[in-house]
$ cat protein06.cif   # mmCIF, C-alpha atoms
data_target
#
loop_
_atom_site.label_atom_id
_atom_site.label_comp_id
_atom_site.auth_asym_id
_atom_site.auth_seq_id
_atom_site.Cartn_x
_atom_site.Cartn_y
_atom_site.Cartn_z
CA MET O 175 -23.81 18.00 91.56
CA SER O 176 -22.61 20.93 89.53
CA LYS O 177 -24.60 22.25 86.58
CA LEU O 178 -22.17 20.58 84.19
CA ASP O 179 -22.62 17.17 85.85
CA ARG O 180 -26.40 17.51 85.82
CA TYR O 181 -26.39 18.51 82.16
CA LEU O 182 -24.13 15.65 81.08
CA LEU O 183 -25.91 13.07 83.25
CA ARG O 184 -29.30 14.08 81.83
CA ASP O 185 -27.95 13.79 78.31
CA PHE O 186 -26.38 10.37 79.00
CA VAL O 187 -29.53 9.00 80.67
CA GLN O 188 -31.84 10.17 77.87
CA SER O 189 -29.62 8.63 75.21
CA PHE O 190 -29.31 5.37 77.16
CA LEU O 191 -33.07 5.05 77.69
CA ALA O 192 -33.83 5.81 74.04
CA THR O 193 -31.33 3.17 72.90
CA LEU O 194 -32.68 0.64 75.41
CA ILE O 195 -36.26 1.12 74.21
CA VAL O 196 -35.22 0.58 70.59
CA LEU O 197 -33.28 -2.58 71.44
CA LEU O 198 -36.19 -3.96 73.47
CA VAL O 199 -38.60 -3.34 70.59
CA VAL O 200 -36.22 -5.09 68.19
CA SER O 201 -35.65 -8.00 70.57
CA VAL O 202 -39.32 -8.61 71.25
CA GLY O 203 -39.77 -10.03 67.75
CA GLY O 204 -37.40 -12.96 68.16
CA VAL O 205 -38.67 -13.89 71.62
CA LEU O 206 -42.30 -13.57 70.55
CA VAL O 207 -41.81 -15.82 67.51
CA ASP O 208 -40.49 -18.68 69.67
CA ILE O 209 -43.35 -18.40 72.16
CA LEU O 210 -46.03 -18.11 69.46
CA GLY O 211 -44.56 -21.18 67.74
CA ASN O 212 -45.07 -23.25 70.90
CA ILE O 213 -48.59 -21.87 71.31
CA ALA O 214 -49.48 -22.67 67.68
CA ASP O 215 -48.23 -26.24 68.12
CA GLY O 216 -50.33 -26.67 71.26
CA ARG O 217 -47.29 -27.14 73.51
CA LEU O 218 -47.95 -23.92 75.44
CA PRO O 219 -51.32 -22.39 76.40
CA ALA O 220 -52.04 -18.93 75.06
CA ARG O 221 -52.68 -17.56 78.55
CA LEU O 222 -48.96 -17.92 79.33
CA LEU O 223 -47.91 -15.65 76.45
CA PHE O 224 -47.29 -12.43 78.35
CA SER O 225 -45.86 -14.09 81.46
CA GLN O 226 -43.35 -16.08 79.41
CA LEU O 227 -42.51 -13.00 77.34
CA GLY O 228 -41.76 -10.94 80.45
CA LEU O 229 -39.67 -13.69 82.06
CA GLN O 230 -37.64 -14.19 78.89
CA PHE O 231 -36.87 -10.47 78.76
CA ILE O 232 -35.42 -10.69 82.27
CA VAL O 233 -33.21 -13.58 81.11
CA TYR O 234 -31.92 -11.58 78.12
CA MET O 235 -31.38 -8.32 80.03
CA PRO O 236 -27.67 -9.08 80.79
CA LEU O 237 -27.11 -9.12 77.01
CA ILE O 238 -29.30 -6.13 76.08
CA LEU O 239 -28.32 -3.67 78.82
CA PRO O 240 -24.54 -3.61 78.07
CA LEU O 241 -25.19 -2.89 74.40
CA ALA O 242 -27.74 -0.18 75.23
CA LEU O 243 -25.33 1.40 77.71
CA MET O 244 -22.44 1.44 75.25
CA LEU O 245 -24.46 2.76 72.29
CA GLY O 246 -26.24 5.34 74.45
CA LEU O 247 -22.98 6.76 75.77
CA LEU O 248 -21.48 6.73 72.28
CA LEU O 249 -24.42 8.65 70.83
CA ALA O 250 -24.41 11.22 73.62
CA THR O 251 -20.64 11.78 73.52
CA ALA O 252 -20.58 11.93 69.72
CA ARG O 253 -23.26 14.62 69.86
CA LEU O 254 -21.04 16.66 72.19
CA TYR O 255 -18.28 16.53 69.57
CA ARG O 256 -20.71 17.24 66.73
CA ASP O 257 -22.06 20.39 68.40
CA SER O 258 -18.53 21.49 69.40
CA GLU O 259 -19.49 21.31 73.08
CA MET O 260 -16.47 19.16 73.83
CA ALA O 261 -14.24 21.84 72.31
CA VAL O 262 -15.78 24.42 74.65
CA LEU O 263 -15.39 22.11 77.66
CA THR O 264 -11.76 21.46 76.76
CA ALA O 265 -11.13 25.20 76.40
CA ILE O 266 -12.29 25.83 79.97
CA GLY O 267 -10.13 23.02 81.35
CA VAL O 268 -12.67 20.15 81.46
CA GLY O 269 -10.92 17.11 80.03
CA PRO O 270 -11.99 13.47 79.61
CA LYS O 271 -11.08 12.58 83.19
CA ARG O 272 -13.51 15.24 84.44
CA LEU O 273 -16.30 13.47 82.55
CA LEU O 274 -15.76 10.29 84.56
CA ARG O 275 -18.06 11.44 87.37
CA PRO O 276 -21.26 11.92 85.31
CA VAL O 277 -20.44 8.79 83.32
CA LEU O 278 -20.12 6.68 86.47
CA MET O 279 -23.35 8.14 87.84
CA LEU O 280 -25.10 6.32 85.00
CA VAL O 281 -22.77 3.36 84.54
CA LEU O 282 -22.62 2.12 88.14
CA PRO O 283 -26.42 1.75 88.67
CA VAL O 284 -26.72 0.02 85.29
CA ILE O 285 -23.84 -2.33 86.18
CA VAL O 286 -25.59 -3.18 89.46
CA LEU O 287 -28.81 -3.87 87.54
CA ILE O 288 -26.94 -6.10 85.06
CA GLY O 289 -25.37 -7.99 87.98
CA LEU O 290 -28.78 -8.50 89.61
CA CYS O 291 -30.31 -9.76 86.36
CA SER O 292 -27.36 -12.02 85.60
CA LEU O 293 -26.74 -13.47 89.06
CA TRP O 294 -30.21 -13.55 90.59
CA LEU O 295 -33.19 -12.35 88.53
CA GLY O 296 -32.26 -14.28 85.37
CA PRO O 297 -32.02 -17.72 87.05
CA TRP O 298 -35.18 -16.94 89.04
CA ALA O 299 -37.03 -16.07 85.82
CA ASP O 300 -35.82 -19.30 84.21
CA ARG O 301 -37.02 -21.39 87.17
CA THR O 302 -40.35 -19.60 87.32
CA GLY O 303 -40.94 -20.04 83.59
CA GLU O 304 -40.12 -23.75 83.74
CA ALA O 305 -42.45 -24.24 86.72
CA MET O 306 -45.29 -22.49 84.89
CA ILE O 307 -44.76 -24.61 81.76
CA GLU O 308 -44.65 -27.83 83.78
CA GLU O 309 -47.86 -26.90 85.57
CA ALA O 310 -49.48 -26.05 82.24
CA ASN O 311 -48.46 -29.40 80.77
CA ARG O 312 -50.15 -31.30 83.60
CA SER O 313 -53.30 -29.22 83.96
CA VAL O 314 -56.30 -29.41 81.65
CA VAL O 315 -57.29 -25.87 82.60
CA MET O 316 -53.88 -24.43 81.70
CA ALA O 317 -53.89 -26.48 78.48
CA GLY O 318 -56.80 -24.35 77.32
CA LEU O 319 -59.71 -26.73 78.07
CA GLU O 320 -62.39 -24.95 80.13
CA SER O 321 -65.71 -26.24 81.41
CA GLY O 322 -68.87 -25.04 79.68
CA LYS O 323 -67.08 -24.02 76.47
CA PHE O 324 -66.39 -25.62 73.09
CA THR O 325 -62.62 -25.59 72.59
CA SER O 326 -60.82 -26.23 69.30
CA LEU O 327 -57.87 -28.60 69.48
CA PRO O 328 -54.65 -27.69 67.58
CA ASN O 329 -54.61 -31.12 65.92
CA GLY O 330 -58.21 -30.73 64.71
CA GLY O 331 -61.55 -31.31 66.38
CA VAL O 332 -63.69 -29.74 69.09
CA VAL O 333 -64.02 -30.75 72.75
CA TYR O 334 -66.62 -29.77 75.35
CA LEU O 335 -66.31 -30.33 79.10
CA SER O 336 -69.25 -30.02 81.46
CA SER O 337 -67.03 -29.75 84.57
CA VAL O 338 -63.37 -29.75 85.59
CA SER O 339 -61.91 -30.58 89.00
CA PRO O 340 -60.13 -27.75 90.88
CA ASP O 341 -56.71 -29.29 90.22
CA GLY O 342 -57.48 -29.52 86.48
CA THR O 343 -56.97 -33.28 86.17
CA ARG O 344 -60.47 -34.82 86.41
CA LEU O 345 -63.19 -34.18 83.83
CA GLY O 346 -66.93 -34.70 83.85
CA LYS O 347 -69.25 -35.28 80.86
CA VAL O 348 -66.89 -35.01 77.90
CA PHE O 349 -68.00 -34.40 74.29
CA LEU O 350 -65.42 -34.71 71.49
CA GLN O 351 -65.80 -34.30 67.74
CA ARG O 352 -62.96 -34.79 65.27
CA GLN O 353 -62.46 -35.71 61.60
CA LYS O 354 -60.03 -38.21 60.13
CA ASP O 355 -59.71 -38.10 56.35
CA ASP O 356 -63.30 -38.39 55.08
CA ARG O 357 -64.89 -39.74 58.30
CA ILE O 358 -66.22 -37.91 61.36
CA GLU O 359 -66.00 -39.21 64.92
CA VAL O 360 -68.23 -38.07 67.78
CA VAL O 361 -67.25 -39.27 71.24
CA SER O 362 -69.13 -38.77 74.50
CA ALA O 363 -68.06 -39.99 77.94
CA ASP O 364 -69.30 -39.71 81.49
CA ARG O 365 -65.90 -38.74 82.89
CA GLY O 366 -62.24 -38.55 82.02
CA ARG O 367 -58.80 -37.45 83.08
CA MET O 368 -55.51 -36.37 81.55
CA PHE O 369 -52.41 -38.55 81.90
CA PHE O 370 -48.87 -38.63 80.57
CA GLU O 371 -46.97 -41.28 78.68
CA GLY O 372 -43.32 -40.38 78.93
CA ALA O 373 -42.28 -36.82 79.70
CA ARG O 374 -44.31 -34.88 77.11
CA GLN O 375 -46.97 -37.09 75.47
CA ARG O 376 -50.40 -36.14 76.85
CA TYR O 377 -53.63 -38.16 76.54
CA LEU O 378 -57.25 -37.72 77.55
CA GLU O 379 -58.55 -40.92 79.13
CA LEU O 380 -62.32 -41.12 78.56
CA GLU O 381 -64.38 -43.61 80.58
CA ASP O 382 -67.87 -45.12 80.08
CA GLY O 383 -68.92 -43.57 76.83
CA HIS O 384 -69.98 -44.01 73.21
CA GLN O 385 -68.29 -43.34 69.90
CA VAL O 386 -70.16 -42.75 66.65
CA GLU O 387 -68.21 -42.81 63.40
CA GLY O 388 -69.63 -41.93 60.01
CA PRO O 389 -68.75 -40.55 56.57
CA ALA O 390 -68.42 -36.81 56.04
CA ASN O 391 -70.00 -36.91 52.56
CA GLY O 392 -73.52 -37.70 53.80
CA ALA O 393 -73.54 -41.49 53.24
CA LEU O 394 -75.19 -43.91 55.70
CA ASP O 395 -72.14 -45.98 56.66
CA TYR O 396 -72.23 -45.37 60.43
CA LYS O 397 -70.63 -47.31 63.28
CA LEU O 398 -71.58 -47.20 66.97
CA MET O 399 -69.19 -48.35 69.67
CA THR O 400 -69.57 -48.46 73.44
CA PHE O 401 -66.35 -48.33 75.43
CA ALA O 402 -65.19 -48.52 79.01
CA ARG O 403 -62.02 -46.57 78.22
CA ASN O 404 -60.91 -44.58 75.19
CA ASP O 405 -57.63 -42.64 75.02
CA VAL O 406 -57.41 -39.53 72.85
CA ALA O 407 -54.01 -38.04 72.01
CA MET O 408 -53.42 -34.36 72.74
CA PRO O 409 -50.56 -32.14 71.51
CA ASP O 410 -47.28 -32.85 73.28
CA GLY O 411 -46.38 -30.56 76.16
CA ALA O 412 -43.57 -28.04 75.89
CA GLN O 413 -40.03 -29.26 76.52
CA THR O 414 -38.92 -28.72 80.12
CA ARG O 415 -35.46 -29.01 81.66
CA ASP O 416 -34.28 -31.12 84.57
CA LYS O 417 -34.36 -29.73 88.09
CA ASP O 418 -30.56 -29.95 88.38
CA ASP O 419 -29.93 -28.09 85.10
CA PRO O 420 -27.19 -25.49 85.84
CA GLU O 421 -29.20 -22.80 84.03
CA LEU O 422 -31.98 -23.19 86.61
CA LEU O 423 -29.84 -23.40 89.76
CA PRO O 424 -29.28 -20.33 91.98
CA THR O 425 -25.84 -18.78 91.66
CA ALA O 426 -24.88 -19.72 95.24
CA GLN O 427 -25.27 -23.43 94.43
CA LEU O 428 -22.99 -23.19 91.39
CA PHE O 429 -19.92 -22.29 93.47
CA GLY O 430 -19.70 -25.77 94.97
CA ASP O 431 -20.81 -27.68 91.88
CA PRO O 432 -17.84 -29.47 90.22
CA ARG O 433 -19.64 -30.18 86.94
CA PRO O 434 -18.14 -28.39 83.91
CA ALA O 435 -21.60 -27.22 82.82
CA ALA O 436 -22.16 -25.65 86.25
CA GLN O 437 -18.79 -23.87 86.15
CA ALA O 438 -19.56 -22.61 82.65
CA GLN O 439 -22.91 -21.26 83.81
CA LEU O 440 -21.28 -19.57 86.82
CA HIS O 441 -18.73 -17.71 84.70
CA SER O 442 -21.38 -16.77 82.13
CA ARG O 443 -23.26 -15.00 84.94
CA ILE O 444 -20.22 -13.22 86.38
CA THR O 445 -18.81 -11.93 83.07
CA PRO O 446 -21.64 -9.66 81.70
CA PRO O 447 -21.25 -6.90 84.37
CA LEU O 448 -17.47 -6.81 83.83
CA ILE O 449 -17.84 -6.64 80.05
CA ALA O 450 -20.46 -3.89 80.39
CA LEU O 451 -18.09 -1.83 82.57
CA ALA O 452 -15.24 -2.30 80.09
CA PHE O 453 -17.26 -1.19 77.06
CA ALA O 454 -18.73 1.75 79.00
CA LEU O 455 -15.21 3.03 79.74
CA MET O 456 -14.29 2.64 76.07
CA THR O 457 -17.06 4.92 74.86
CA LEU O 458 -15.30 8.24 75.52
CA PRO O 459 -12.09 7.31 73.64
CA LEU O 460 -14.05 5.72 70.80
CA ALA O 461 -16.42 8.70 70.45
CA ARG O 462 -13.59 11.23 70.09
CA SER O 463 -13.52 12.85 66.66
CA SER O 464 -11.73 15.80 65.09
CA PRO O 465 -13.68 18.67 63.47
CA ARG O 466 -13.18 17.29 59.95
CA GLN O 467 -13.80 13.67 60.90
CA GLN O 468 -17.15 11.90 60.58
CA ARG O 469 -18.95 12.07 63.91
CA TYR O 470 -20.23 8.48 64.02
CA GLY O 471 -17.41 6.76 62.18
CA ARG O 472 -16.25 4.77 65.20
CA MET O 473 -19.70 3.64 66.29
CA MET O 474 -19.62 0.65 63.93
CA LEU O 475 -16.17 -0.22 65.27
CA ALA O 476 -17.52 -0.16 68.83
CA PHE O 477 -20.51 -2.31 67.83
CA LEU O 478 -18.25 -4.86 66.14
CA ALA O 479 -16.00 -4.91 69.22
CA TYR O 480 -19.04 -5.62 71.39
CA MET O 481 -20.18 -8.44 69.09
CA VAL O 482 -16.70 -9.99 69.13
CA GLY O 483 -16.55 -9.75 72.93
CA MET O 484 -19.96 -11.38 73.43
CA ASN O 485 -19.19 -14.12 70.90
CA LEU O 486 -15.96 -14.88 72.72
CA MET O 487 -17.95 -15.11 75.94
CA PHE O 488 -20.35 -17.63 74.37
CA ILE O 489 -17.48 -19.63 72.86
CA GLY O 490 -15.58 -19.62 76.16
CA THR O 491 -18.68 -20.78 78.01
CA ARG O 492 -19.05 -23.67 75.58
CA TRP O 493 -15.37 -24.57 76.00
CA ILE O 494 -15.76 -24.70 79.79
CA ALA O 495 -18.90 -26.85 79.51
CA ASP O 496 -17.09 -29.23 77.13
CA GLY O 497 -14.05 -29.48 79.43
CA LYS O 498 -11.68 -27.70 77.03
CA LEU O 499 -11.07 -24.92 79.57
CA SER O 500 -10.71 -25.38 83.31
CA GLY O 501 -13.25 -23.86 85.65
CA THR O 502 -10.45 -22.04 87.48
CA LEU O 503 -9.44 -20.12 84.36
CA GLY O 504 -13.08 -19.58 83.41
CA LEU O 505 -13.69 -16.41 81.43
CA TRP O 506 -11.15 -14.29 83.29
CA TRP O 507 -8.92 -14.44 80.21
CA LEU O 508 -11.59 -12.35 78.46
CA SER O 509 -12.98 -9.97 81.09
CA LEU O 510 -9.76 -8.90 82.85
CA PRO O 511 -7.74 -8.02 79.68
CA LEU O 512 -10.78 -6.22 78.32
CA LEU O 513 -11.07 -4.18 81.50
CA GLY O 514 -7.34 -3.41 81.40
CA LEU O 515 -7.61 -2.27 77.79
CA ALA O 516 -10.60 -0.05 78.61
CA ILE O 517 -8.79 1.61 81.53
CA TRP O 518 -5.67 2.18 79.41
CA MET O 519 -7.73 3.72 76.57
CA TYR O 520 -9.55 6.00 79.00
CA LEU O 521 -6.35 7.21 80.66
CA ARG O 522 -4.69 7.83 77.29
CA ASP O 523 -7.71 9.70 75.88
CA GLY O 524 -7.00 13.35 75.18
CA LYS O 525 -3.25 13.18 75.77
CA LEU O 526 -1.00 14.66 73.14
CA SER O 527 1.67 12.42 71.70
CA ARG O 528 5.26 13.36 72.32
CA PRO O 529 7.00 14.94 69.31
CA ARG O 530 9.68 12.82 67.73
CA ARG O 531 13.22 13.90 68.29
CA THR O 532 15.07 14.89 65.14
CA ALA O 533 18.63 13.78 64.63
#

$ encode --input "protein06.cif" --output "structure tokens"
Amino acid sequence: MSKLDRYLLRDFVQSFLATLIVLLVVSVGGVLVDILGNIADGRLPARLLFSQLGLQFIVYMPLILPLALMLGLLLATARLYRDSEMAVLTAIGVGPKRLLRPVLMLVLPVIVLIGLCSLWLGPWADRTGEAMIEEANRSVVMAGLESGKFTSLPNGGVVYLSSVSPDGTRLGKVFLQRQKDDRIEVVSADRGRMFFEGARQRYLELEDGHQVEGPANGALDYKLMTFARNDVAMPDGAQTRDKDDPELLPTAQLFGDPRPAAQAQLHSRITPPLIALAFALMTLPLARSSPRQQRYGRMMLAFLAYMVGMNLMFIGTRWIADGKLSGTLGLWWLSLPLLGLAIWMYLRDGKLSRPRRTA
């Protein structure tokens, strides 16, 4: 690479990475709130917090990376105009087409990364996250109940387990204390297990034990009960999706799936790399500014164009899933015209308009 290419590439990469870090920090809030909500409700164990957070970031990367790439290139190119470096480059014969090489040195690897996240890593992260949640729903250990420790239940009460089987389903010597209104219950059992009723409702089945119930205000109205089986409700498990959900299927299986939802998911995975390439090519024309023009005036226009493009992608995906658009047409009506517009804007950038002929 020449010195000019190295200088421009370094500037583009630094601006892209800075923008990506800011977007990731902003995005972590929304993802973290959803996961913490499930943990607070008892649907998801706290030990899955960081694993679920990392997997969700992989799923959202096809939406974050194109925006970071576009804004990073816009900021770097606008700085070249602000510092009059573009004027110097133009004076020595370096036009917009000459900048294509350092731009593509950054854009092409990022497009490949977006394609990997959209076509392969994103579905894999979805499947892995669902498998971890399903395992957590069916395991006492993953639900936060450990042997030899007093554990607080999200719906109130304390439970103690003397032992837990390796698979996390069988319990030994269970102690449970909970309060209902103004009465306290203390339950002890020789053994127990966790079972499901339906897809999400979890229960602890306690066997061969005793239950003592009494007032919380210090009165002497106590009741003693011996039971052979006593079921205790636990917080419902987190919602999981079906195995044949198109969002969880590998991309190769979606090509032969005739379902509208599968075709919609296929096109939603193919479109992000094409949209990212189109907006990356638009950055140089949109960042152009004259000496007396505001340097970052077109950045809001570029951001709004990106938001409109992504919203059209979401709307088109919903139309395909609902059967309003055919799977053959897919989202090509969005990605191909957008690519054509980006190429036309790039080729027209920097050209002088022809003077009008006077009569």

$ closest_residue --input "protein06.cif" --among "O:Ile449, O:Leu223, O:Leu197, O:Ala250" --to "O:Ile209" --atoms "only C-alpha atoms"
O:Leu223

$ resolve_selection --input "protein06.cif" --expression "the PyMOL selection byres ((chain O and resi 350) around 7)" --output "PyMOL selection string"
chain O and resi 332-334+348-349+351-352+360-362

$ resolve_selection --input "protein06.cif" --expression "the PyMOL selection byres ((chain O and resi 202) around 12)" --output "list in words"
Ile195, Val196, Leu197, Leu198, Val199, Val200, Ser201, Gly203, Gly204, Val205, Leu206, Val207, Asp208, Ile209, Leu210, Phe224, Gln226, Leu227, Gly228, Leu229, Gln230, Phe231, Ile232, Tyr234, Met235 and Ile238 of chain O

$ write_last_selection --input "protein06.cif" --atoms "C-alpha atoms" --output "compact mmCIF listing (two decimals), in the frame of the given file"
# COMPACT_ATOMS: atom_id res chain seq x y z
CA ILE O 195 -36.26 1.12 74.21
CA VAL O 196 -35.22 0.58 70.59
CA LEU O 197 -33.28 -2.58 71.44
CA LEU O 198 -36.19 -3.96 73.47
CA VAL O 199 -38.60 -3.34 70.59
CA VAL O 200 -36.22 -5.09 68.19
CA SER O 201 -35.65 -8.00 70.57
CA GLY O 203 -39.77 -10.03 67.75
CA GLY O 204 -37.40 -12.96 68.16
CA VAL O 205 -38.67 -13.89 71.62
CA LEU O 206 -42.30 -13.57 70.55
CA VAL O 207 -41.81 -15.82 67.51
CA ASP O 208 -40.49 -18.68 69.67
CA ILE O 209 -43.35 -18.40 72.16
CA LEU O 210 -46.03 -18.11 69.46
CA PHE O 224 -47.29 -12.43 78.35
CA GLN O 226 -43.35 -16.08 79.41
CA LEU O 227 -42.51 -13.00 77.34
CA GLY O 228 -41.76 -10.94 80.45
CA LEU O 229 -39.67 -13.69 82.06
CA GLN O 230 -37.64 -14.19 78.89
CA PHE O 231 -36.87 -10.47 78.76
CA ILE O 232 -35.42 -10.69 82.27
CA TYR O 234 -31.92 -11.58 78.12
CA MET O 235 -31.38 -8.32 80.03
CA ILE O 238 -29.30 -6.13 76.08

$ atom_distance --input "protein06.cif" --atom1 "atom CA of O:Asn485" --atom2 "atom CA of O:Leu280"
25.5 Å

$ resolve_selection --input "protein06.cif" --expression "the PyMOL selection byres ((chain O and resi 502-518) around 8)" --output "list in words"
Gln437, Ala438, His441, Ser442, Thr445, Leu448, Ile449, Leu451, Ala452, Phe453, Leu455, Met456, Gly483, Leu486, Met487, Gly490, Thr491, Ile494, Leu499, Ser500, Gly501, Met519, Tyr520, Leu521 and Arg522 of chain O

$ closest_residue --input "protein06.cif" --among "O:Pro219, O:Pro459, O:Gly366, O:Gly211" --to "O:Glu379" --atoms "all atoms listed in the file"
O:Gly366
